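Student: Below is the file input-v2.pdb, with PDB, C-alpha atoms.
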ATOM      1  CA  ILE A 114       0.000   0.000   0.000
ATOM      2  CA  TYR A 115       1.280   3.426  -0.953
ATOM      3  CA  ALA A 116      -0.177   6.657   0.399
ATOM      4  CA  TYR A 117       0.720  10.087  -0.895
ATOM      5  CA  ILE A 118       0.349  13.339   0.997
ATOM      6  CA  ASN A 119       0.358  16.227  -1.443
ATOM      7  CA  ASN A 120       0.699  19.220   0.848
ATOM      8  CA  ILE A 121       1.697  20.077   4.363
ATOM      9  CA  ILE A 122       1.534  23.826   4.842
ATOM     10  CA  ILE A 123       3.145  25.459   7.842
ATOM     11  CA  VAL A 124       2.557  29.160   8.405
ATOM     12  CA  SER A 125       3.858  31.395  11.155
ATOM     13  CA  LYS A 126       4.360  35.094  11.771
ATOM     14  CA  ASN A 127       7.941  34.639  12.965
ATOM     15  CA  ILE A 128      10.831  32.448  11.950
ATOM     16  CA  GLU A 129      11.423  30.905  15.395
ATOM     17  CA  LYS A 130       7.905  29.480  15.612
ATOM     18  CA  TYR A 131       8.061  28.461  11.953
ATOM     19  CA  LEU A 132      11.226  26.414  12.517
ATOM     20  CA  LYS A 133       9.702  24.880  15.671
ATOM     21  CA  TYR A 134       6.589  23.838  13.705
ATOM     22  CA  ILE A 135       8.719  22.293  10.956
ATOM     23  CA  LYS A 136      10.689  20.290  13.498
ATOM     24  CA  THR A 137       7.484  19.129  15.185
ATOM     25  CA  VAL A 138       5.935  17.993  11.896
ATOM     26  CA  LEU A 139       9.124  16.224  10.782
ATOM     27  CA  ASP A 140       9.395  14.467  14.168
ATOM     28  CA  ILE A 141       5.802  13.235  13.915
ATOM     29  CA  LEU A 142       6.314  12.008  10.355
ATOM     30  CA  ASP A 143       9.529  10.249  11.360
ATOM     31  CA  LYS A 144       7.787   8.428  14.231
ATOM     32  CA  VAL A 145       5.272   6.916  11.834
ATOM     33  CA  TYR A 146       7.887   6.197   9.147
ATOM     34  CA  VAL A 147       6.611   8.787   6.686
ATOM     35  CA  TYR A 148       9.322  10.502   4.701
ATOM     36  CA  ILE A 149       9.231  13.557   2.495
ATOM     37  CA  SER A 150      11.037  14.245  -0.737
ATOM     38  CA  ILE A 151      13.470  17.113  -0.258
ATOM     39  CA  GLU A 152      13.443  17.762  -4.018
ATOM     40  CA  LYS A 153       9.704  18.478  -3.874
ATOM     41  CA  SER A 154       9.810  20.546  -0.674
ATOM     42  CA  PHE A 155       9.429  24.296  -0.548
ATOM     43  CA  ILE A 156      10.606  25.824   2.692
ATOM     44  CA  ALA A 157      10.469  29.423   3.956
ATOM     45  CA  TYR A 158       8.505  30.932   1.092
ATOM     46  CA  PRO A 159       7.130  34.348   2.075
ATOM     47  CA  SER A 160       3.965  33.668   0.065
ATOM     48  CA  MET A 161       2.552  30.831  -1.998
ATOM     49  CA  ARG A 162      -0.439  29.924  -4.136
ATOM     50  CA  LEU A 163      -2.468  26.991  -2.980
ATOM     51  CA  LEU A 164      -5.459  26.023  -5.074
ATOM     52  CA  SER A 165      -7.402  29.286  -5.349
ATOM     53  CA  TYR A 166      -5.760  30.897  -2.314
ATOM     54  CA  ILE A 167      -2.671  32.944  -1.563
ATOM     55  CA  VAL A 168      -1.159  31.951   1.777
ATOM     56  CA  ASN A 169       1.363  34.071   3.668
ATOM     57  CA  SER A 170       2.263  34.874   7.267
ATOM     58  CA  GLU A 171      -0.403  37.580   7.434
ATOM     59  CA  ARG A 172      -3.471  35.840   6.057
ATOM     60  CA  VAL A 173      -5.102  33.430   3.672
ATOM     61  CA  ALA A 174      -6.694  35.313   0.764
ATOM     62  CA  LYS A 175      -8.879  33.951  -1.981
ATOM     63  CA  MET A 176      -7.291  34.883  -5.296
ATOM     64  CA  ASP A 177     -10.706  35.881  -6.634
ATOM     65  CA  ASP A 178     -10.783  38.671  -4.015
ATOM     66  CA  ARG A 179      -7.679  40.251  -5.505
ATOM     67  CA  ILE A 180      -9.087  39.974  -9.003
ATOM     68  CA  ALA A 181     -12.324  41.616  -7.845
ATOM     69  CA  ILE A 182     -10.386  44.751  -6.872
ATOM     70  CA  PHE A 183      -9.143  45.146 -10.442
ATOM     71  CA  LYS A 184     -12.592  44.460 -11.838
ATOM     72  CA  LYS A 185     -13.948  47.411  -9.835
ATOM     73  CA  LEU A 186     -11.465  49.864 -11.373
ATOM     74  CA  LYS A 187     -13.029  52.139 -13.941
ATOM     75  CA  PHE A 188     -10.960  52.660 -17.041
ATOM     76  CA  PRO A 189     -11.542  55.414 -19.575
ATOM     77  CA  ASN A 190     -13.654  54.458 -22.561
ATOM     78  CA  ILE A 191     -12.842  57.366 -24.881
ATOM     79  CA  LEU A 192      -9.506  58.659 -26.146
ATOM     80  CA  LYS A 193      -9.781  62.123 -24.549
ATOM     81  CA  THR A 194     -10.472  60.616 -21.113
ATOM     82  CA  LEU A 195      -7.606  58.170 -21.597
ATOM     83  CA  LYS A 196      -5.170  61.012 -22.325
ATOM     84  CA  GLN A 197      -6.339  62.833 -19.193
ATOM     85  CA  TYR A 198      -6.019  59.657 -17.142
ATOM     86  CA  LEU A 199      -2.490  58.988 -18.401
ATOM     87  CA  SER A 200      -1.377  62.555 -17.692
ATOM     88  CA  ILE A 201      -2.528  62.152 -14.081
ATOM     89  CA  VAL A 202      -0.842  58.770 -13.635
ATOM     90  CA  GLU A 203       2.522  59.802 -15.091
TER      91      GLU A 203
END
Please, can you express the file's structure as C-alpha cells?
Tutor:
Amino acid sequence: IYAYINNIIIVSKNIEKYLKYIKTVLDILDKVYVYISIEKSFIAYPSMRLLSYIVNSERVAKMDDRIAIFKKLKFPNILKTLKQYLSIVE
C-alpha cells in the first residue's frame, strides 16, 4: 500500500515558531515512518499559491478577491479621457 500526501503547509508570523513547527511535523512524520522528498519541498517561502488561495504569514486570501479589486477599477472608454487619465498617472 502506498499513500501520498500532497501538501503540508506550515505558516507562522515569525521564523522561530516556523522552525519549531517544521521540526514538530518532521518528528511526527519520522515516528510513523513517513518521509518527504526534499526535491519536492518548498521551505520558507514568504507567500505561496495553494489552489485558489494565496497563503502568507499575514493571512489566507482567496485569489478571486484580488481579481475583484481590479474588476472594480473604472478605465476610460474614450480617447480624450484616456489622455487625461495617463497625464494624471505619469
Student: I would like the residues chosen by the PyMOL selection byres ((chain A and resi 119) around 12) on the shown file; could you give them as a list in words?
Tutor: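 Residues picked by the PyMOL selection byres ((chain A and resi 119) around 12): Ala116, Tyr117, Ile118, Asn120, Ile121, Ile122, Ile149, Ser150, Lys153, Ser154, Leu163 and Leu164 of chain A.
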Student: Write a file of the selected residues as an mmCIF file, in the frame of the given file, keeping C-alpha atoms.
Tutor:
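part36.cif, written as the output of this step:
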data_model
loop_
_atom_site.group_PDB
_atom_site.id
_atom_site.type_symbol
_atom_site.label_atom_id
_atom_site.label_comp_id
_atom_site.auth_asym_id
_atom_site.auth_seq_id
_atom_site.Cartn_x
_atom_site.Cartn_y
_atom_site.Cartn_z
ATOM 1 C CA ALA A 116 -0.177 6.657 0.399
ATOM 2 C CA TYR A 117 0.720 10.087 -0.895
ATOM 3 C CA ILE A 118 0.349 13.339 0.997
ATOM 4 C CA ASN A 120 0.699 19.220 0.848
ATOM 5 C CA ILE A 121 1.697 20.077 4.363
ATOM 6 C CA ILE A 122 1.534 23.826 4.842
ATOM 7 C CA ILE A 149 9.231 13.557 2.495
ATOM 8 C CA SER A 150 11.037 14.245 -0.737
ATOM 9 C CA LYS A 153 9.704 18.478 -3.874
ATOM 10 C CA SER A 154 9.810 20.546 -0.674
ATOM 11 C CA LEU A 163 -2.468 26.991 -2.980
ATOM 12 C CA LEU A 164 -5.459 26.023 -5.074
#
Student: Could you jot down the CA of Val138 in chain A to CA of Met176 in chain A separation for me, Å, one decimal place?
Tutor: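 For CA of Val138 in chain A relative to CA of Met176 in chain A, the distance reads 27.5 Å.
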Student: For each of A:Ser200, A:Thr194, A:Ser160, A:Ser165, take the minimum atom-to-atom distance to Val124 in chain A, counting only C-alpha atoms, then give the residue where this is smallest.
Tutor: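 When distances to Val124 in chain A are compared using only C-alpha atoms, the smallest one comes from A:Ser160.
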Student: Using CA of Ser125 in chain A and CA of Arg172 in chain A as the two end points, give the distance in Å to one decimal.
Tutor: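 That distance, rounded to one decimal, is 10.0 Å.
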Student: Quick one: residues within 10 Å of range 130-134 of chain A, all atoms listed in the file counted, chain neighbours fewer than 5 positions away excluded, as a ChimeraX atom specification?
Tutor: /A:123-125,139-140,156-157,170
